[in-house]
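Visitor: Dropping in target_21.txt, with compact mmCIF, C-alpha atoms.
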```txt
# COMPACT_ATOMS: atom_id res chain seq x y z
CA MET A 1 81.02 138.28 117.04
CA LEU A 2 84.24 136.80 118.37
CA SER A 3 85.68 136.38 114.88
CA LYS A 4 84.76 139.98 113.95
CA GLN A 5 86.62 141.27 116.96
CA ILE A 6 89.73 139.30 116.08
CA ILE A 7 89.59 140.55 112.49
CA ALA A 8 89.28 144.08 113.79
CA VAL A 9 92.44 143.63 115.86
CA ALA A 10 94.26 142.18 112.83
CA ARG A 11 93.30 145.24 110.79
CA GLY A 12 94.62 147.57 113.46
CA ARG A 13 91.30 148.86 114.74
CA GLY A 14 90.76 149.15 118.47
CA LEU A 15 88.01 147.21 120.13
CA TRP A 16 87.80 149.50 123.09
CA HIS A 17 88.58 153.02 121.90
CA GLY A 18 88.81 154.40 125.39
CA ALA A 19 91.19 151.74 126.73
CA PRO A 20 94.94 152.25 126.87
CA ALA A 21 97.13 150.42 124.34
CA PRO A 22 98.46 147.75 126.76
CA VAL A 23 94.96 146.88 127.92
CA HIS A 24 93.79 146.80 124.34
CA MET A 25 96.50 144.31 123.29
CA ALA A 26 96.01 142.13 126.37
CA ARG A 27 92.29 141.79 125.76
CA ALA A 28 92.89 141.03 122.06
CA TRP A 29 95.38 138.32 122.97
CA HIS A 30 92.89 136.83 125.42
CA LEU A 31 90.21 136.72 122.72
CA ALA A 32 92.59 135.08 120.25
CA GLN A 33 93.40 132.34 122.76
CA ARG A 34 89.69 131.75 123.38
CA ALA A 35 89.07 131.46 119.63
CA GLN A 36 91.90 128.99 119.23
CA ARG A 37 90.54 126.80 122.03
CA PHE A 38 87.06 127.09 120.55
CA HIS A 39 88.05 125.98 117.04
CA SER A 40 90.39 123.19 118.18
CA CYS A 41 87.86 121.58 120.47
CA PRO A 42 87.77 117.82 119.66
CA ARG A 43 84.05 117.65 120.29
CA LEU A 44 83.46 120.04 117.38
CA GLN A 45 85.92 118.19 115.14
CA ALA A 46 84.47 114.72 115.73
CA GLU A 47 82.30 113.55 112.82
CA THR A 48 79.44 111.07 112.88
CA VAL A 49 79.51 108.81 109.81
CA LYS A 50 76.15 107.55 108.61
CA VAL A 51 75.08 104.50 106.59
CA PRO A 52 75.63 105.59 102.96
CA GLN A 53 73.05 105.64 100.19
CA MET A 54 73.37 102.24 98.50
CA ALA A 55 70.76 102.25 95.72
CA GLU A 56 67.23 103.39 95.05
CA SER A 57 65.83 99.93 95.75
CA ILE A 58 67.98 99.25 98.86
CA THR A 59 67.01 100.95 102.10
CA GLU A 60 68.61 98.66 104.68
CA GLY A 61 71.25 96.01 105.18
CA THR A 62 73.00 93.85 107.75
CA LEU A 63 76.19 95.08 109.39
CA LYS A 64 78.43 92.07 108.82
CA THR A 65 81.87 93.12 110.06
CA TRP A 66 83.74 95.95 111.68
CA SER A 67 87.16 96.23 110.04
CA LYS A 68 88.21 98.75 112.69
CA GLN A 69 87.54 99.02 116.40
CA VAL A 70 87.43 101.88 118.91
CA GLY A 71 90.87 103.47 119.21
CA ASP A 72 92.07 102.33 115.77
CA THR A 73 93.46 104.94 113.41
CA VAL A 74 92.34 105.02 109.78
CA GLU A 75 93.40 106.68 106.55
CA ALA A 76 90.97 108.62 104.40
CA ASP A 77 88.79 106.23 102.32
CA GLU A 78 89.97 103.22 104.34
CA GLU A 79 87.29 100.57 104.95
CA VAL A 80 85.77 100.66 108.42
CA ALA A 81 82.72 98.39 108.07
CA THR A 82 80.95 96.12 105.60
CA ILE A 83 77.17 96.13 105.12
CA GLU A 84 75.56 93.13 103.43
CA THR A 85 72.53 93.77 101.23
CA ASP A 86 70.40 91.42 99.15
CA LYS A 87 72.48 92.27 96.07
CA ILE A 88 76.01 93.35 97.00
CA ASP A 89 78.27 94.04 99.96
CA VAL A 90 78.73 97.76 100.59
CA SER A 91 81.94 99.08 102.16
CA VAL A 92 81.69 102.03 104.53
CA ASN A 93 84.90 104.03 104.36
CA ALA A 94 86.37 106.71 106.59
CA PRO A 95 85.66 110.21 105.21
CA GLN A 96 89.02 111.46 106.51
CA SER A 97 92.06 110.35 108.46
CA GLY A 98 91.56 110.04 112.16
CA THR A 99 90.74 107.80 115.10
CA ILE A 100 87.58 105.77 115.66
CA THR A 101 86.12 106.94 118.96
CA LYS A 102 82.76 105.15 119.08
CA LEU A 103 80.85 102.39 117.24
CA LEU A 104 77.11 103.03 117.16
CA ALA A 105 75.98 99.59 115.93
CA SER A 106 76.91 95.95 116.50
CA GLU A 107 77.66 93.19 114.02
CA GLU A 108 74.57 91.44 112.61
CA ASP A 109 72.43 94.51 113.37
CA THR A 110 70.01 95.72 110.70
CA VAL A 111 70.98 99.24 109.68
CA THR A 112 69.08 101.68 107.49
CA VAL A 113 70.30 104.32 105.06
CA GLY A 114 71.16 107.53 106.94
CA GLN A 115 71.51 105.84 110.33
CA ASP A 116 74.45 106.90 112.54
CA LEU A 117 77.16 104.24 112.28
CA PHE A 118 80.37 105.40 113.98
CA ILE A 119 82.17 108.52 115.20
CA ILE A 120 85.62 109.51 113.97
CA GLU A 121 87.89 112.16 115.43
CA PRO A 122 90.09 113.75 112.75
CA GLY A 123 93.84 113.54 113.04
CA GLU A 124 96.89 112.06 111.40
CA ALA A 125 96.46 108.35 110.80
CA GLY A 126 98.94 106.15 112.60
CA SER A 127 99.65 108.70 115.33
CA ALA A 128 99.19 107.08 118.68
CA ALA A 129 97.04 108.71 121.27
CA SER A 130 99.03 110.82 123.68
CA PRO A 131 99.67 108.94 126.92
CA PRO A 132 98.08 110.32 130.04
CA PRO A 133 100.37 112.67 131.96
CA LYS A 134 102.28 111.02 134.75
CA GLU A 135 101.53 112.15 138.22
CA GLU A 136 104.48 114.07 139.52
CA LYS A 137 105.43 113.13 143.04
CA GLU A 138 106.79 115.75 145.34
CA GLU A 139 110.41 115.05 145.98
CA SER A 140 111.83 115.31 149.44
CA PRO A 141 114.79 117.61 150.05
CA ALA A 142 117.04 114.56 150.34
CA GLU A 143 115.96 113.30 146.91
CA LYS A 144 116.52 116.74 145.40
CA LYS A 145 119.98 116.76 146.92
CA ASP A 146 120.69 113.32 145.47
CA ALA A 147 119.58 114.49 142.05
CA SER A 148 122.19 117.24 142.14
CA GLU A 149 124.98 114.77 142.97
CA PRO A 150 126.95 113.02 140.22
CA ARG A 151 125.53 109.66 139.19
CA ASP A 152 128.56 107.69 140.23
CA GLN A 153 128.25 109.14 143.73
CA GLN A 154 124.49 108.61 144.05
CA VAL A 155 123.36 105.91 146.47
CA ASP A 156 119.93 104.36 146.58
CA LYS A 157 118.51 105.84 149.78
CA LYS A 158 114.87 104.98 149.20
CA ALA A 159 114.94 101.69 151.05
CA PRO A 160 117.59 100.17 153.32
CA ALA A 161 119.28 96.99 152.15
CA PRO A 162 117.68 93.86 153.62
CA PRO A 163 119.75 92.08 156.28
CA PRO A 164 121.51 88.90 155.22
CA PRO A 165 119.38 85.85 155.91
CA SER A 166 120.32 83.58 158.78
CA SER A 167 121.12 79.92 158.38
CA GLY A 168 117.64 78.98 159.49
CA ASP A 169 116.13 81.36 157.03
CA LYS A 170 118.27 79.89 154.26
CA LYS A 171 116.92 76.44 154.97
CA SER A 172 113.31 77.52 154.98
CA GLY A 173 113.60 80.42 152.51
CA GLY A 174 114.20 78.53 149.23
CA ALA A 175 111.37 76.07 149.64
CA PRO A 176 108.43 78.38 148.85
CA ALA A 177 110.09 79.55 145.61
CA LYS A 178 110.65 75.99 144.47
CA GLU A 179 107.12 75.06 145.41
CA SER A 180 105.70 78.01 143.48
CA LYS A 181 107.69 77.02 140.40
CA LYS A 182 106.39 73.49 140.67
CA GLU A 183 102.83 74.75 141.08
CA THR A 184 103.05 76.97 137.99
CA LYS A 185 104.46 74.10 135.93
CA GLU A 186 101.69 71.79 137.13
CA LYS A 187 99.06 74.44 136.29
CA GLU A 188 100.49 74.85 132.79
CA LYS A 189 100.39 71.08 132.30
CA GLU A 190 96.80 70.98 133.51
CA LYS A 191 95.83 73.76 131.05
CA SER A 192 97.57 72.03 128.15
CA THR A 193 95.85 68.74 128.95
CA ALA A 194 92.48 70.42 129.50
CA GLU A 195 92.40 72.09 126.08
CA PRO A 196 92.51 68.83 124.04
CA LYS A 197 89.84 67.39 126.33
CA GLN A 198 87.55 70.32 125.56
CA GLU A 199 88.15 69.89 121.82
CA GLU A 200 87.45 66.17 122.10
CA SER A 201 84.19 66.84 123.92
CA VAL A 202 83.05 69.23 121.14
CA ALA A 203 83.68 66.66 118.41
CA PRO A 204 80.52 64.60 117.79
CA ALA A 205 80.64 60.93 118.57
CA ALA A 206 80.41 58.34 115.82
CA GLY A 207 76.82 57.90 114.66
CA ALA A 208 75.64 61.08 116.38
CA ARG A 209 72.65 62.85 114.78
CA THR A 210 73.55 66.52 115.10
CA GLU A 211 71.98 69.60 113.53
CA THR A 212 73.40 73.05 112.88
CA ARG A 213 71.25 76.11 112.24
CA VAL A 214 72.78 78.98 110.27
CA LYS A 215 70.97 82.23 109.55
CA MET A 216 70.46 82.85 105.83
CA ASN A 217 72.32 85.87 104.54
CA ARG A 218 70.44 88.60 102.72
CA MET A 219 71.68 87.57 99.30
CA ARG A 220 70.50 83.99 99.76
CA LEU A 221 67.11 85.23 100.99
CA ARG A 222 66.79 87.47 97.95
CA ILE A 223 67.78 84.67 95.56
CA ALA A 224 65.17 82.37 97.10
CA GLU A 225 62.54 85.09 96.82
CA ARG A 226 63.29 85.88 93.17
CA LEU A 227 63.47 82.25 92.05
CA LYS A 228 60.13 81.47 93.67
CA GLU A 229 58.69 84.61 92.12
CA SER A 230 59.91 83.41 88.72
CA GLN A 231 58.28 80.02 89.17
CA ASN A 232 55.00 81.62 90.19
CA ALA A 233 54.89 84.34 87.53
CA ALA A 234 56.37 82.83 84.36
CA ALA A 235 54.87 80.05 82.27
CA SER A 236 58.21 78.26 82.09
CA LEU A 237 58.96 75.61 79.49
CA THR A 238 62.32 74.04 78.55
CA THR A 239 63.56 72.76 75.19
CA PHE A 240 66.82 70.84 74.61
CA ASN A 241 69.31 70.30 71.84
CA GLU A 242 72.74 68.78 71.30
CA ILE A 243 75.76 70.65 69.95
CA ASP A 244 78.77 69.00 68.34
CA MET A 245 81.65 70.93 69.89
CA SER A 246 84.37 69.59 67.55
CA ALA A 247 84.78 72.77 65.49
CA LEU A 248 84.71 75.08 68.52
CA ILE A 249 87.23 72.92 70.41
CA ALA A 250 89.54 72.92 67.38
CA MET A 251 89.27 76.73 67.03
CA ARG A 252 90.02 77.23 70.71
CA LYS A 253 92.98 74.86 70.61
CA ARG A 254 94.41 76.62 67.57
CA TYR A 255 94.12 80.23 68.75
CA LYS A 256 94.12 80.16 72.57
CA ASP A 257 97.89 80.74 72.95
CA ALA A 258 97.87 83.64 70.48
CA ILE A 259 94.88 85.20 72.24
CA VAL A 260 96.64 84.99 75.61
CA LYS A 261 99.75 86.69 74.19
CA SER A 262 97.94 89.45 72.33
CA HIS A 263 94.95 90.11 74.63
CA ASP A 264 96.03 88.63 77.98
CA VAL A 265 92.82 86.65 78.32
CA LYS A 266 92.07 82.92 78.15
CA LEU A 267 89.84 81.89 75.26
CA GLY A 268 87.02 79.79 76.67
CA TYR A 269 83.62 78.70 75.41
CA MET A 270 81.55 81.42 77.06
CA GLY A 271 82.63 84.06 74.58
CA ALA A 272 81.56 81.98 71.59
CA PHE A 273 78.25 81.03 73.23
CA ALA A 274 77.55 84.65 74.11
CA LYS A 275 78.26 85.81 70.57
CA ALA A 276 76.09 83.04 69.09
CA CYS A 277 73.23 84.00 71.43
CA ALA A 278 73.56 87.69 70.55
CA LEU A 279 73.26 86.87 66.84
CA ALA A 280 70.35 84.47 67.40
CA LEU A 281 68.52 87.06 69.53
CA ARG A 282 68.67 89.44 66.60
CA GLU A 283 66.78 86.87 64.52
CA VAL A 284 64.36 85.93 67.32
CA PRO A 285 63.76 89.26 69.14
CA ALA A 286 61.03 87.83 71.39
CA ALA A 287 63.71 85.94 73.35
CA ASN A 288 65.28 89.30 74.14
CA ALA A 289 62.03 90.99 75.15
CA SER A 290 60.13 91.32 78.44
CA ILE A 291 56.58 91.85 79.65
CA GLU A 292 55.74 95.07 81.47
CA GLY A 293 52.11 95.28 82.48
CA ASP A 294 50.07 94.65 79.33
CA GLU A 295 52.94 95.61 76.99
CA ILE A 296 55.84 93.74 75.41
CA VAL A 297 59.16 95.61 75.41
CA TYR A 298 61.42 94.68 72.47
CA ARG A 299 65.08 95.73 72.58
CA ASP A 300 67.58 96.24 69.80
CA TYR A 301 70.53 95.71 72.16
CA VAL A 302 71.70 92.66 74.13
CA ASP A 303 72.74 93.11 77.76
CA LEU A 304 73.94 89.63 78.59
CA SER A 305 73.60 88.40 82.18
CA VAL A 306 76.23 85.79 83.04
CA ALA A 307 75.56 83.55 86.05
CA VAL A 308 78.56 83.42 88.43
CA ALA A 309 78.70 81.23 91.54
CA THR A 310 80.13 82.96 94.63
CA PRO A 311 80.47 81.77 98.23
CA LYS A 312 77.41 83.84 99.19
CA GLY A 313 75.22 82.77 96.28
CA LEU A 314 74.57 83.08 92.56
CA VAL A 315 74.98 86.53 90.99
CA THR A 316 74.37 87.63 87.41
CA PRO A 317 76.64 90.52 86.36
CA VAL A 318 75.85 92.05 82.97
CA VAL A 319 77.97 92.42 79.82
CA ARG A 320 76.57 95.51 78.11
CA ASN A 321 75.94 95.68 74.33
CA ALA A 322 77.18 92.17 73.65
CA GLU A 323 75.73 92.37 70.11
CA ALA A 324 78.43 94.91 69.16
CA MET A 325 81.35 92.99 70.70
CA GLY A 326 83.61 90.29 69.34
CA ILE A 327 84.29 86.94 70.99
CA VAL A 328 87.54 88.12 72.58
CA ASP A 329 85.96 91.32 73.93
CA ILE A 330 83.12 89.34 75.44
CA GLU A 331 85.64 86.97 77.06
CA LYS A 332 87.42 89.97 78.58
CA GLY A 333 84.18 91.34 79.96
CA ILE A 334 83.09 88.01 81.42
CA THR A 335 86.52 87.40 82.98
CA ALA A 336 86.59 90.83 84.60
CA LEU A 337 83.06 90.49 85.99
CA GLY A 338 83.74 86.97 87.25
CA LYS A 339 86.82 88.16 89.15
CA LYS A 340 84.90 91.06 90.69
CA ALA A 341 82.10 88.68 91.71
CA ARG A 342 84.45 86.23 93.42
CA ASP A 343 86.27 89.09 95.18
CA GLY A 344 82.95 90.55 96.35
CA LYS A 345 83.56 93.85 94.53
CA LEU A 346 80.56 93.93 92.21
CA SER A 347 78.64 97.19 92.15
CA LEU A 348 74.92 97.62 91.62
CA GLU A 349 75.63 98.97 88.14
CA ASP A 350 77.39 95.69 87.27
CA MET A 351 74.20 93.72 87.95
CA ALA A 352 71.47 96.14 86.94
CA GLY A 353 69.42 95.31 83.86
CA GLY A 354 70.12 92.32 81.65
CA THR A 355 67.97 91.12 78.76
CA PHE A 356 69.11 87.49 78.40
CA THR A 357 70.98 85.09 80.72
CA ILE A 358 73.56 82.34 80.15
CA SER A 359 74.22 79.83 82.93
CA ASN A 360 77.14 77.40 82.60
CA GLY A 361 76.54 74.44 84.88
CA GLY A 362 79.04 72.41 82.87
CA VAL A 363 81.95 73.75 84.89
CA PHE A 364 80.57 71.74 87.82
CA GLY A 365 79.95 68.62 85.73
CA SER A 366 76.22 69.04 85.09
CA LEU A 367 75.00 66.85 82.22
CA TYR A 368 71.37 68.04 82.01
CA GLY A 369 69.44 70.79 83.70
CA THR A 370 66.51 73.16 83.39
CA PRO A 371 67.59 76.71 84.32
CA ILE A 372 65.11 79.14 85.87
CA ILE A 373 64.22 82.38 84.11
CA ASN A 374 65.72 85.54 85.57
CA LEU A 375 62.69 87.85 85.61
CA PRO A 376 61.77 90.14 83.93
CA GLN A 377 63.72 88.39 81.16
CA SER A 378 61.92 85.91 78.93
CA ALA A 379 64.57 83.22 78.41
CA VAL A 380 67.75 81.68 79.80
CA LEU A 381 70.28 79.36 78.13
CA GLY A 382 71.81 76.52 80.14
CA MET A 383 75.21 75.10 79.15
CA HIS A 384 76.37 71.70 80.36
CA THR A 385 79.44 69.52 80.42
CA ILE A 386 81.00 68.10 77.24
CA LYS A 387 80.90 64.31 76.84
CA ASP A 388 82.20 62.07 74.09
CA ARG A 389 79.25 60.39 72.42
CA ALA A 390 78.78 57.97 69.55
CA VAL A 391 76.91 59.83 66.80
CA VAL A 392 76.11 59.18 63.15
CA VAL A 393 77.84 61.50 60.65
CA ASP A 394 77.39 60.87 56.89
CA GLY A 395 76.24 57.34 57.59
CA GLN A 396 79.22 56.54 59.80
CA ILE A 397 79.28 56.05 63.57
CA VAL A 398 81.91 58.38 65.03
CA ILE A 399 82.89 59.67 68.47
CA ARG A 400 82.21 63.40 68.90
CA PRO A 401 82.31 65.78 71.89
CA ILE A 402 78.67 66.65 72.58
CA MET A 403 77.17 69.31 74.82
CA VAL A 404 73.50 69.31 75.75
CA VAL A 405 72.05 72.83 75.87
CA ALA A 406 68.72 73.84 77.37
CA LEU A 407 66.58 76.90 76.76
CA THR A 408 63.99 77.74 79.40
CA TYR A 409 61.57 80.36 78.09
CA ASP A 410 58.44 82.17 79.19
CA HIS A 411 55.58 80.68 77.18
CA ARG A 412 53.56 83.85 77.74
CA LEU A 413 55.93 85.61 75.37
CA LEU A 414 57.59 82.93 73.26
CA ASP A 415 55.88 80.11 71.41
CA GLY A 416 57.53 76.76 70.90
CA ARG A 417 58.41 77.59 67.28
CA GLU A 418 60.38 80.68 68.28
CA ALA A 419 62.15 78.96 71.17
CA VAL A 420 63.23 75.97 69.07
CA THR A 421 64.30 78.27 66.22
CA PHE A 422 66.48 80.26 68.60
CA LEU A 423 68.19 77.15 69.96
CA VAL A 424 68.78 75.72 66.47
CA LYS A 425 70.38 79.03 65.41
CA VAL A 426 72.74 78.89 68.38
CA LYS A 427 73.61 75.28 67.46
CA GLU A 428 74.39 76.22 63.86
CA TYR A 429 76.66 79.11 64.84
CA LEU A 430 78.64 77.01 67.31
CA GLU A 431 79.03 73.95 65.10
CA ASP A 432 80.43 76.21 62.35
CA PRO A 433 82.01 79.25 64.05
CA CYS A 434 82.88 80.85 60.70
CA LYS A 435 79.17 81.62 60.27
CA MET A 436 79.43 84.12 63.11
CA LEU A 437 81.85 86.16 61.00
CA LEU A 438 79.42 86.23 58.09
CA ALA A 439 76.28 87.01 60.10
```
In structure tokens, what does this structure look like?

Guide:
Amino acid sequence: MLSKQIIAVARGRGLWHGAPAPVHMARAWHLAQRAQRFHSCPRLQAETVKVPQMAESITEGTLKTWSKQVGDTVEADEEVATIETDKIDVSVNAPQSGTITKLLASEEDTVTVGQDLFIIEPGEAGSAASPPPKEEKEESPAEKKDASEPRDQQVDKKAPAPPPPSSGDKKSGGAPAKESKKETKEKEKEKSTAEPKQEESVAPAAGARTETRVKMNRMRLRIAERLKESQNAAASLTTFNEIDMSALIAMRKRYKDAIVKSHDVKLGYMGAFAKACALALREVPAANASIEGDEIVYRDYVDLSVAVATPKGLVTPVVRNAEAMGIVDIEKGITALGKKARDGKLSLEDMAGGTFTISNGGVFGSLYGTPIINLPQSAVLGMHTIKDRAVVVDGQIVIRPIMVVALTYDHRLLDGREAVTFLVKVKEYLEDPCKMLLA
């Protein structure tokens, strides 16, 4: 109703037809001022930001950190809080520029999707809050008179000058000041000496048997749950083989500098292993399949999960359609996903799906290992460190760089013949990389 009346005034129509023109304009002006105060009220402008929708399978998380506190100004889309889930860390950003006026949750609280998180009052970011108005003191007539005088003629009349101290006062007057200075210095020394003592007391003594309890983060809890689920559900079995890495090392040494110049990516071993696995999966499709209920789902594409170690735990981002990519393209994809994982910037889309997993424990020096299947996948390939070994080649004992590879597979879906065939195919492709161009 108020807005309609203002619009009527703007269009030149009278609100009160019987009122004189001055009264009419005065009332209109009064209404306009009321509308301005109504629409500029900070209580109406303040916005409550809720916990965002994170994914269909994620309904809650742990509020790990507040990047901003009450009174801080933020830009639009600037991070305010971080919520840890069992898969990724979700950033909660400011919907608009303004000032944080209230935090509605504490760190380490469990928050659910749609829950109120903080309140922001819109405004220009970086603008400091207006200081409270100073209380104006009533000036006496003498002070007003002094204010009208020139500055060079003004005399401080607020308080009379103290009388000069007597000789007795001089003798006794300086002592308290000196004593106070000495006391402050002694207190500072005591504080400085007390701090190392506290630190020394915290440090455990030699031979002490101490324990520290740390709460598991959501990602670690989820990893533990899924790995145990895999052990309980899958009929896991592991087969091993050895790969002579001479040809692959020679190819990498020959082309790595050219690849860096032309594609700005380092040529490692993961790209070649991923390509070899993609080709072998085409020949042994059961290793790329999964069980859903009483059905087997076969796929004609390879979404390759690559295990990446992060400070919070192991994640497996996915390289999509690896069967259609070359070695260099796969290396680019793995490098980009690895950087996002270490920076904590992986999205749910980066980790969703996956039909086959590669885990490279060799970067940490692992010689042998039996990787665990990443359900609902049916197999996982484990890479290990490269060691020089004495092997027999054409009747001669020679030294060759050897890597032991392991394939853990779900025996419910793959038989031993298929699993061994898959691993032998991978071995053949890597010991003669030119075969991957002809496949």

Visitor: Please provide the set of residues having any atom within 7 Å of segment 314-323 of chain A, restricted to only C-alpha atoms, with same-chain residues fewer than 2 positions apart removed, written as a PyMOL selection string.

Guide: chain A and resi 278-279+301-310+325+330+333-334+337+350-351+354

Visitor: Counting all atoms listed in the file, which of A:Ile58, A:Leu438, A:Ile373, A:Val70 gets nearest to Glu229 of chain A?

Guide: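 Checking each candidate against Glu229 of chain A, we get A:Ile373 as the closest.
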
Visitor: Find, counting all atoms listed in the file, the residue in A:Tyr298, A:Phe273, A:Phe240, A:Trp66 that gets nearest to Gly416 of chain A.

Guide: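 Once distances to Gly416 of chain A are computed over all atoms listed in the file, the minimum belongs to A:Phe240.
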
Visitor: For each of A:Ile259, A:Ile120, A:Ala287, A:Met219, take the minimum atom-to-atom distance to Arg417 of chain A, counting only C-alpha atoms, then give the residue where this is smallest.

Guide: A:Ala287

Visitor: Can you tell me how far atom CA of Val80 of chain A sits from atom CA of Ser67 of chain A, in Å to one decimal?

Guide: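 Distance reported for this atom pair: 4.9 Å.
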
Visitor: What's the separation between atom CA of Leu375 of chain A and atom CA of Ala235 of chain A, in Å to one decimal place?

Guide: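 Atom CA of Leu375 of chain A sits 11.5 Å away from atom CA of Ala235 of chain A.
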
Visitor: Of the candidates A:Glu431, A:Phe422, A:Thr85, A:Gly268, which one gets nearest to Pro401 of chain A if we count all atoms listed in the file?

Guide: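 When distances to Pro401 of chain A are compared using all atoms listed in the file, the smallest one comes from A:Glu431.
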
Visitor: Looking at only C-alpha atoms, which of A:Glu242, A:Glu331, A:Glu47, A:Glu107 is the one that sits closest to Lys256 of chain A?

Guide: A:Glu331
